[in-house]
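Student: input-v4.txt is reproduced in full below (compact mmCIF, C-alpha atoms and all ligand atoms).
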# COMPACT_ATOMS: atom_id res chain seq x y z
CA MET R 1 -9.70 -2.08 -17.88
CA TYR R 2 -9.01 0.43 -15.16
CA ASN R 3 -7.66 -0.74 -11.80
CA ASN R 4 -8.67 -4.30 -12.73
CA GLN R 5 -12.25 -3.25 -13.39
CA LYS R 6 -13.99 -3.63 -16.73
CA VAL R 7 -14.85 -0.18 -18.10
CA LEU R 8 -18.24 0.63 -19.67
CA LEU R 9 -18.82 3.98 -21.30
CA SER R 10 -21.56 5.67 -23.28
CA GLY R 11 -23.11 9.04 -24.00
CA ILE R 12 -26.11 10.75 -25.58
CA GLN R 13 -26.21 14.09 -27.35
CA PRO R 14 -28.40 16.58 -25.50
CA THR R 15 -30.58 17.58 -28.42
CA GLY R 16 -34.38 17.76 -28.28
CA VAL R 17 -35.90 15.32 -25.80
CA MET R 18 -34.70 11.93 -24.63
CA THR R 19 -36.93 9.46 -26.46
CA ILE R 20 -38.04 5.95 -25.57
CA GLY R 21 -35.69 4.94 -28.43
CA ASN R 22 -32.72 6.39 -26.53
CA TYR R 23 -34.03 4.81 -23.35
CA ILE R 24 -34.59 1.32 -24.76
CA GLY R 25 -31.54 1.32 -27.06
CA ALA R 26 -29.11 2.85 -24.58
CA VAL R 27 -30.01 3.99 -21.04
CA LYS R 28 -32.07 0.94 -20.03
CA ASN R 29 -29.10 -1.30 -20.81
CA TRP R 30 -26.77 0.94 -18.81
CA LEU R 31 -28.95 0.23 -15.78
CA THR R 32 -28.47 -3.51 -16.00
CA MET R 33 -24.69 -3.52 -16.31
CA PRO R 34 -22.86 -5.48 -13.58
CA ASP R 35 -22.00 -3.50 -10.46
CA ASP R 36 -18.35 -4.55 -10.43
CA CYS R 37 -17.62 -2.57 -13.62
CA LEU R 38 -16.46 1.01 -13.74
CA SER R 39 -19.33 2.68 -15.60
CA ILE R 40 -18.95 6.09 -17.18
CA TYR R 41 -21.87 7.97 -18.76
CA PHE R 42 -21.65 11.48 -20.06
CA ILE R 43 -23.70 14.12 -21.81
CA ALA R 44 -22.17 14.46 -25.29
CA ASP R 45 -22.64 18.21 -25.41
CA LEU R 46 -19.63 18.89 -27.65
CA HIS R 47 -21.00 16.44 -30.19
CA ALA R 48 -24.30 18.32 -30.18
CA LEU R 49 -22.51 21.50 -31.32
CA THR R 50 -22.11 19.95 -34.76
CA ILE R 51 -25.72 21.01 -35.32
CA LYS R 52 -26.72 24.66 -34.87
CA GLN R 53 -27.96 25.22 -31.29
CA ASP R 54 -29.65 28.15 -29.61
CA PRO R 55 -27.31 28.75 -26.60
CA THR R 56 -30.03 29.45 -24.01
CA LEU R 57 -32.14 26.48 -25.01
CA PHE R 58 -29.09 24.24 -25.40
CA ARG R 59 -27.94 24.94 -21.84
CA GLN R 60 -31.40 24.02 -20.51
CA THR R 61 -31.61 20.90 -22.65
CA ALA R 62 -28.19 19.65 -21.58
CA LEU R 63 -29.03 20.11 -17.90
CA SER R 64 -32.38 18.43 -18.47
CA PHE R 65 -30.66 15.40 -20.02
CA TYR R 66 -28.33 15.18 -17.06
CA ALA R 67 -31.35 15.19 -14.72
CA GLN R 68 -32.94 12.50 -16.91
CA TYR R 69 -29.86 10.28 -16.51
CA LEU R 70 -30.30 10.52 -12.74
CA ALA R 71 -34.09 10.17 -12.94
CA ALA R 72 -33.74 7.00 -15.01
CA GLY R 73 -31.85 5.46 -12.09
CA LEU R 74 -28.18 6.05 -12.85
CA ASP R 75 -26.50 6.44 -9.50
CA PRO R 76 -23.72 9.04 -9.20
CA LYS R 77 -22.17 6.96 -6.41
CA LYS R 78 -21.89 3.91 -8.65
CA SER R 79 -21.20 5.55 -12.01
CA ILE R 80 -19.23 8.54 -13.20
CA LEU R 81 -21.83 10.95 -14.66
CA TYR R 82 -20.63 14.18 -16.23
CA PHE R 83 -20.70 16.67 -19.07
CA GLN R 84 -18.19 16.00 -21.86
CA SER R 85 -17.36 19.73 -22.05
CA HIS R 86 -16.20 19.67 -18.41
CA VAL R 87 -13.40 17.26 -19.25
CA PRO R 88 -10.99 18.97 -21.69
CA GLU R 89 -9.04 15.74 -22.15
CA HIS R 90 -11.72 14.55 -24.60
CA THR R 91 -10.71 17.16 -27.16
CA GLN R 92 -7.02 16.88 -26.28
CA LEU R 93 -7.08 13.22 -27.20
CA GLN R 94 -9.31 13.93 -30.20
CA TRP R 95 -6.60 16.07 -31.78
CA ALA R 96 -4.11 13.23 -31.58
CA MET R 97 -6.69 10.75 -32.88
CA ASN R 98 -7.44 13.08 -35.81
CA CYS R 99 -3.90 12.47 -36.97
CA PHE R 100 -4.62 8.73 -37.05
CA THR R 101 -7.87 8.94 -39.01
CA TYR R 102 -8.10 9.23 -42.78
CA ILE R 103 -10.46 11.74 -44.35
CA GLY R 104 -11.91 8.94 -46.49
CA GLU R 105 -12.86 6.97 -43.38
CA ALA R 106 -14.69 9.93 -41.86
CA GLN R 107 -16.47 10.72 -45.13
CA ARG R 108 -17.73 7.15 -45.40
CA MET R 109 -19.67 7.28 -42.10
CA THR R 110 -23.40 6.84 -42.65
CA GLN R 111 -24.28 9.35 -39.94
CA PHE R 112 -22.05 11.98 -41.57
CA LYS R 113 -23.75 11.39 -44.91
CA ASP R 114 -27.26 11.47 -43.36
CA LYS R 115 -26.60 14.61 -41.34
CA SER R 116 -24.94 16.34 -44.31
CA LEU R 117 -28.13 15.80 -46.30
CA LYS R 118 -30.30 16.95 -43.41
CA HIS R 119 -28.21 20.04 -42.65
CA ALA R 120 -26.96 20.89 -46.13
CA ASP R 121 -26.45 24.54 -45.15
CA ASN R 122 -24.10 23.62 -42.31
CA ILE R 123 -21.73 20.79 -43.28
CA ASN R 124 -19.07 21.89 -40.82
CA MET R 125 -15.73 20.27 -39.91
CA GLY R 126 -17.20 19.10 -36.61
CA LEU R 127 -19.82 17.04 -38.39
CA MET R 128 -17.14 15.08 -40.21
CA ASP R 129 -14.90 14.91 -37.15
CA TYR R 130 -17.77 13.72 -34.94
CA PRO R 131 -16.70 10.03 -34.92
CA VAL R 132 -13.11 10.94 -34.02
CA LEU R 133 -14.32 12.79 -30.93
CA MET R 134 -16.40 9.72 -30.15
CA ALA R 135 -13.31 7.53 -30.53
CA ALA R 136 -11.44 9.82 -28.14
CA ASP R 137 -14.34 9.64 -25.63
CA ILE R 138 -14.06 5.87 -25.63
CA LEU R 139 -10.28 5.42 -25.77
CA LEU R 140 -9.65 7.98 -23.02
CA TYR R 141 -10.83 5.55 -20.33
CA ASN R 142 -9.56 2.22 -21.71
CA THR R 143 -13.17 1.31 -22.29
CA ASP R 144 -13.99 -2.37 -22.78
CA LEU R 145 -17.70 -2.19 -23.63
CA VAL R 146 -19.83 0.52 -25.23
CA PRO R 147 -23.60 0.03 -24.81
CA VAL R 148 -25.31 1.80 -27.73
CA GLY R 149 -28.06 1.34 -30.31
CA VAL R 150 -27.17 -0.37 -33.57
CA ASP R 151 -26.89 2.97 -35.44
CA GLN R 152 -23.59 3.59 -33.61
CA LYS R 153 -21.94 0.32 -34.65
CA GLN R 154 -20.06 1.88 -37.55
CA HIS R 155 -18.57 4.53 -35.26
CA LEU R 156 -17.42 1.78 -32.92
CA GLU R 157 -15.72 -0.01 -35.78
CA LEU R 158 -13.86 3.18 -36.68
CA THR R 159 -12.84 3.57 -33.03
CA ARG R 160 -11.42 0.06 -33.06
CA ASP R 161 -9.48 0.76 -36.27
CA ILE R 162 -7.99 3.95 -34.81
CA ALA R 163 -7.01 2.14 -31.60
CA LEU R 164 -5.38 -0.73 -33.48
CA ARG R 165 -3.55 1.66 -35.80
CA PHE R 166 -2.12 3.54 -32.81
CA ASN R 167 -1.28 0.35 -30.92
CA ASN R 168 0.50 -1.15 -33.93
CA ARG R 169 2.83 1.79 -33.96
CA PHE R 170 3.28 2.55 -30.28
CA GLY R 171 2.58 -0.68 -28.39
CA ASP R 172 -0.46 -1.62 -26.32
CA VAL R 173 -1.64 1.85 -25.34
CA PHE R 174 -5.40 1.55 -25.94
CA THR R 175 -7.91 -1.11 -25.03
CA VAL R 176 -9.76 -2.06 -28.21
CA PRO R 177 -13.46 -1.62 -27.28
CA GLU R 178 -16.45 -3.79 -28.18
CA PRO R 179 -19.97 -2.55 -28.85
CA TYR R 180 -22.75 -3.89 -26.63
CA ILE R 181 -25.98 -3.97 -28.61
CA THR R 182 -29.12 -5.82 -27.49
CA LYS R 183 -31.29 -7.71 -29.95
CA ASN R 184 -34.82 -6.30 -29.65
CA GLY R 185 -34.15 -2.82 -28.36
CA ALA R 186 -31.30 -2.03 -30.76
CA LYS R 187 -33.56 -0.01 -33.01
CA ILE R 188 -36.92 1.47 -32.12
CA PHE R 189 -38.78 2.95 -35.06
CA SER R 190 -40.82 6.10 -35.50
CA LEU R 191 -44.49 5.93 -34.49
CA SER R 192 -45.41 7.89 -37.63
CA ASP R 193 -43.21 5.95 -40.05
CA PRO R 194 -42.29 2.44 -38.87
CA LEU R 195 -39.52 2.23 -41.47
CA ALA R 196 -37.62 5.24 -40.05
CA LYS R 197 -35.59 5.25 -36.82
CA MET R 198 -37.27 6.99 -33.89
CA SER R 199 -35.18 10.11 -33.62
CA LYS R 200 -35.28 12.92 -31.08
CA SER R 201 -34.60 15.45 -33.80
CA ASP R 202 -37.63 14.38 -35.88
CA VAL R 203 -39.68 17.40 -36.98
CA ASP R 204 -42.90 15.47 -36.31
CA PRO R 205 -43.48 15.25 -32.51
CA ASN R 206 -45.89 12.33 -33.06
CA ALA R 207 -42.95 10.25 -34.30
CA TYR R 208 -41.42 9.90 -30.84
CA VAL R 209 -42.33 9.69 -27.16
CA SER R 210 -40.17 11.40 -24.59
CA VAL R 211 -39.26 9.67 -21.33
CA ILE R 212 -40.72 12.57 -19.34
CA GLU R 213 -43.86 13.07 -21.38
CA ASP R 214 -47.24 13.25 -19.63
CA ALA R 215 -49.53 10.22 -19.66
CA ASP R 216 -52.29 11.71 -21.85
CA SER R 217 -49.87 12.69 -24.55
CA ILE R 218 -48.20 9.25 -24.51
CA MET R 219 -51.59 7.50 -24.82
CA ARG R 220 -52.61 9.77 -27.67
CA LYS R 221 -49.41 9.08 -29.61
CA PHE R 222 -49.75 5.31 -29.26
CA LYS R 223 -53.41 5.36 -30.28
CA ARG R 224 -52.51 7.16 -33.49
CA ALA R 225 -49.29 5.18 -34.14
CA VAL R 226 -49.13 4.01 -37.75
CA THR R 227 -49.75 0.25 -38.02
CA ASP R 228 -50.06 -2.23 -40.86
CA SER R 229 -52.88 -3.82 -42.82
CA GLY R 230 -54.63 -6.81 -41.20
CA ASN R 231 -55.58 -7.16 -37.53
CA GLU R 232 -53.37 -9.91 -36.08
CA VAL R 233 -50.84 -8.80 -33.46
CA VAL R 234 -47.80 -10.74 -34.70
CA ALA R 235 -44.21 -9.71 -35.33
CA SER R 236 -43.23 -10.18 -38.95
CA GLU R 237 -41.30 -8.49 -41.70
CA ASN R 238 -44.42 -7.28 -43.48
CA LYS R 239 -45.78 -5.76 -40.27
CA PRO R 240 -43.10 -3.19 -39.34
CA GLY R 241 -45.53 -1.04 -37.32
CA ILE R 242 -46.88 -3.88 -35.16
CA THR R 243 -43.40 -5.41 -34.82
CA ASN R 244 -42.09 -2.09 -33.51
CA LEU R 245 -44.96 -1.80 -31.01
CA LEU R 246 -44.36 -5.40 -29.90
CA ASN R 247 -40.69 -4.58 -29.31
CA ILE R 248 -41.62 -1.53 -27.26
CA TYR R 249 -44.20 -3.52 -25.28
CA SER R 250 -41.72 -6.32 -24.63
CA GLU R 251 -38.97 -3.91 -23.52
CA MET R 252 -41.31 -1.99 -21.23
CA THR R 253 -42.99 -5.01 -19.58
CA GLY R 254 -40.17 -7.58 -19.67
CA LYS R 255 -42.53 -10.04 -21.43
CA SER R 256 -41.24 -11.91 -24.47
CA ILE R 257 -42.55 -11.10 -27.95
CA ALA R 258 -44.07 -14.60 -28.18
CA ASP R 259 -45.96 -14.11 -24.89
CA ALA R 260 -47.18 -10.71 -26.05
CA GLU R 261 -48.45 -12.21 -29.31
CA LEU R 262 -50.39 -14.81 -27.32
CA GLU R 263 -51.76 -12.18 -24.93
CA PHE R 264 -53.27 -10.17 -27.82
CA GLU R 265 -54.33 -13.05 -30.03
CA GLY R 266 -57.68 -12.23 -31.66
CA ARG R 267 -58.01 -8.91 -29.81
CA GLY R 268 -57.13 -6.55 -32.65
CA TYR R 269 -54.85 -3.56 -33.04
CA GLY R 270 -56.91 -1.05 -31.03
CA VAL R 271 -56.73 -3.00 -27.76
CA PHE R 272 -53.05 -3.71 -28.33
CA LYS R 273 -52.11 -0.08 -28.99
CA GLN R 274 -53.93 0.99 -25.82
CA ALA R 275 -52.00 -1.64 -23.83
CA VAL R 276 -48.65 -0.55 -25.27
CA GLY R 277 -49.42 3.05 -24.29
CA GLU R 278 -50.35 1.99 -20.76
CA ALA R 279 -47.19 -0.12 -20.40
CA VAL R 280 -45.04 2.83 -21.46
CA VAL R 281 -46.84 5.23 -19.09
CA GLU R 282 -46.39 2.82 -16.17
CA LYS R 283 -42.72 2.11 -16.85
CA LEU R 284 -41.89 5.81 -17.22
CA ARG R 285 -43.97 7.08 -14.29
CA PRO R 286 -41.24 6.88 -11.62
CA MET R 287 -38.77 8.46 -13.99
CA ARG R 288 -41.03 11.43 -14.61
CA GLU R 289 -41.65 11.90 -10.90
CA ASN R 290 -37.93 11.74 -10.08
CA TYR R 291 -37.17 14.11 -12.91
CA ASN R 292 -39.56 16.77 -11.65
CA LYS R 293 -37.84 16.75 -8.27
CA LEU R 294 -34.31 16.76 -9.68
CA ILE R 295 -34.73 19.50 -12.24
CA SER R 296 -35.83 21.95 -9.58
CA ASP R 297 -32.67 21.30 -7.54
CA LYS R 298 -30.04 22.98 -9.71
CA ALA R 299 -27.50 23.16 -6.86
CA TYR R 300 -27.59 19.38 -6.43
CA LEU R 301 -27.23 18.79 -10.17
CA ALA R 302 -24.24 21.15 -10.34
CA GLU R 303 -22.56 19.49 -7.39
CA VAL R 304 -22.99 15.95 -8.74
CA ALA R 305 -21.83 16.99 -12.22
CA LYS R 306 -18.72 18.63 -10.81
CA ASP R 307 -17.85 15.54 -8.81
CA GLY R 308 -18.38 13.39 -11.93
CA ALA R 309 -16.11 15.58 -14.05
CA GLU R 310 -13.36 15.53 -11.41
CA ARG R 311 -13.46 11.76 -11.20
CA ALA R 312 -13.43 11.47 -14.99
CA ARG R 313 -10.46 13.82 -15.27
CA SER R 314 -8.47 11.86 -12.71
CA ILE R 315 -8.48 8.96 -15.19
CA ALA R 316 -8.47 10.91 -18.46
CA PHE R 317 -5.41 13.04 -17.82
CA LYS R 318 -3.25 9.94 -17.47
CA THR R 319 -4.26 8.68 -20.91
CA VAL R 320 -3.54 12.03 -22.55
CA ARG R 321 -0.17 12.23 -20.79
CA LYS R 322 0.73 8.74 -21.98
CA VAL R 323 -0.41 9.31 -25.57
CA TYR R 324 1.34 12.69 -25.85
CA LYS R 325 4.53 11.11 -24.50
CA LYS R 326 4.34 8.24 -27.00
CA LEU R 327 3.91 10.77 -29.79
CA GLY R 328 7.11 12.54 -28.76
CA LEU R 329 5.62 15.78 -27.48
CA VAL R 330 7.92 17.46 -24.97
CA PRO R 331 6.42 17.02 -21.50
CA MET R 332 5.96 20.12 -19.36
CA SER R 333 8.27 19.85 -16.36
P1 LIG R 401 -30.63 12.68 -33.14
O1 LIG R 401 -32.03 12.57 -33.64
O2 LIG R 401 -30.32 13.97 -32.45
O3 LIG R 401 -29.60 12.25 -34.14
P2 LIG R 401 -30.93 10.21 -31.71
O4 LIG R 401 -32.31 10.13 -31.16
O5 LIG R 401 -30.61 9.38 -32.89
O6 LIG R 401 -30.52 11.69 -31.94
P3 LIG R 401 -28.42 9.89 -30.32
O7 LIG R 401 -27.97 10.96 -29.39
O8 LIG R 401 -27.78 9.86 -31.67
O9 LIG R 401 -29.99 9.87 -30.51
O10 LIG R 401 -28.23 8.48 -29.63
C1 LIG R 401 -28.13 8.23 -28.25
C2 LIG R 401 -28.17 6.75 -27.99
O11 LIG R 401 -29.48 6.24 -28.22
C3 LIG R 401 -27.25 5.92 -28.89
O12 LIG R 401 -26.74 4.83 -28.15
C4 LIG R 401 -28.15 5.43 -29.95
O13 LIG R 401 -27.68 4.24 -30.56
C5 LIG R 401 -29.44 5.19 -29.17
N1 LIG R 401 -30.61 5.34 -30.02
C6 LIG R 401 -30.99 6.48 -30.65
N2 LIG R 401 -32.14 6.28 -31.31
C7 LIG R 401 -32.47 4.99 -31.10
C8 LIG R 401 -33.55 4.17 -31.54
N3 LIG R 401 -34.51 4.65 -32.31
N4 LIG R 401 -33.59 2.88 -31.13
C9 LIG R 401 -32.63 2.38 -30.34
N5 LIG R 401 -31.57 3.10 -29.90
C10 LIG R 401 -31.49 4.37 -30.26
N1 LIG R 402 -22.54 9.38 -31.13
C1 LIG R 402 -23.30 8.86 -30.04
C2 LIG R 402 -23.15 9.64 -28.78
C3 LIG R 402 -21.80 9.45 -28.25
C4 LIG R 402 -21.26 8.24 -27.72
C5 LIG R 402 -19.91 8.53 -27.40
C6 LIG R 402 -21.80 6.98 -27.48
C7 LIG R 402 -20.79 10.37 -28.24
N2 LIG R 402 -19.68 9.81 -27.72
C8 LIG R 402 -19.07 7.54 -26.86
C9 LIG R 402 -20.94 6.00 -26.95
C10 LIG R 402 -19.61 6.29 -26.65
C11 LIG R 402 -24.73 8.80 -30.44
O1 LIG R 402 -25.42 8.07 -29.86
N3 LIG R 402 -25.17 9.53 -31.38
Represent the structure from my file as structure tokens, please.
Tutor:
Amino acid sequence: MYNNQKVLLSGIQPTGVMTIGNYIGAVKNWLTMPDDCLSIYFIADLHALTIKQDPTLFRQTALSFYAQYLAAGLDPKKSILYFQSHVPEHTQLQWAMNCFTYIGEAQRMTQFKDKSLKHADNINMGLMDYPVLMAADILLYNTDLVPVGVDQKQHLELTRDIALRFNNRFGDVFTVPEPYITKNGAKIFSLSDPLAKMSKSDVDPNAYVSVIEDADSIMRKFKRAVTDSGNEVVASENKPGITNLLNIYSEMTGKSIADAELEFEGRGYGVFKQAVGEAVVEKLRPMRENYNKLISDKAYLAEVAKDGAERARSIAFKTVRKVYKKLGLVPMS
């Protein structure tokens, strides 16, 4: 809680393109959060450094993600929207939280293990420390709820453990956060391999759809999406491809899965895939149009990001001051 308001916080790493998986699993839920909460959404650019980035491209990508937050409908007057790297308190708190996290806990994280396999030539300290920075992001603002996709649940559990460990020793300093994960949209799968998570860093561009992709390309990707044997449009365990498309269709149109199954009864996969593509194109159209306007107004983006960082810091510095004091660090007079 902050000033008697419930605090919501989340972030996305600015790598590659924002996919419909990120949108459905994360951003879309941010948009439906109650107005009376303090909502804080940032670009997790420091997290993205755990993977090798080309500096010029990285700068463009991070700015593009920020514009996509705004284009998706996040309102800088209602939410605090900023770049993680503009708020040094994130890493200041991270250092303290590092001293309350065991190496074994960090090594057990699934994402650390996956990324270590994927980037075997660059298993850096940051990759292992990634969840501790995430814990600091969350604890810095006394966050109550963290809307994320299900892949982030383990990191949330670690965050809770760190918070409880600190609180047990020093009193009620941190709010212990809860994840907020929706049922259908929690995990959107790859269009090329319906058993793998749709991931923006996938080497195969046909595996994902970006939220600012053009209509023709979206339609093409859905037409060639991998589906299952048979021809009935029903969600079931042995139809992972169709189930994934039904989830996407339901999330994009607001129709239930059961209604979608009825709508496409006896009509076959081809008609269904075309309809899913059209639903995605329609839902994303305003976002793409807004994005094109925003990305050409760099001065506006810079101004809004600066305001967001200043507002974030006005909360964050108090937490760092409190934590450092509890730890016995000598305050600067
Ligand atoms: P990367 O491929 O770079 O690891 P990613 O696409 O997995 O990235 P993240 O930056 O790790 O994306 O995640 C941003 C947010 O989007 C998180 O809340 C995450 O849970 C959610 N998310 C990512 N992929 C999906 C997905 N396929 N389905 C649902 N939610 C997702
Ligand atoms: N690790 C997250 C991104 C992230 C995040 C956070 C999400 C960084 N810090 C704090 C919620 C709260 C991911 O989605 N990969």
Student: Using only C-alpha atoms and all ligand atoms, find each residue with an atom at most 7 Å away from ligand LIG 401 (chain R) and format the answer as number ranges by chain.
Tutor: R: 11-16, 19, 21-26, 147-152, 185-189, 197-202
Student: Using all atoms listed in the file, find each residue with an atom at most 9 Å away from ligand LIG 402 (chain R) and format the answer as a count of residues only.
Tutor: 34
Student: For Thr319 in chain R, which of R:Ser79, R:Asn29, R:Thr56, R:Asn142 is the closest residue, counting all atoms listed in the file?
Tutor: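 Smallest distance to Thr319 in chain R is found for R:Asn142.
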Student: Report, as AutoDock Vina command-line options, the axis-aligned box around all atoms of range 239-249 of chain R present in the file, extended by 5 Å on each side; give centre and edge lengths in Å to one decimal place.
Tutor:
--center_x -43.8 --center_y -3.4 --center_z -32.8 --size_x 16.2 --size_y 14.7 --size_z 25.0
Student: Please work out which residues fall within 10 Å of (-9.1, -6.0, -18.9), coordinates as given in the file, with only C-alpha atoms counting, and return them as a ChimeraX atom specification.
Tutor: /R:1-7,142-144,175
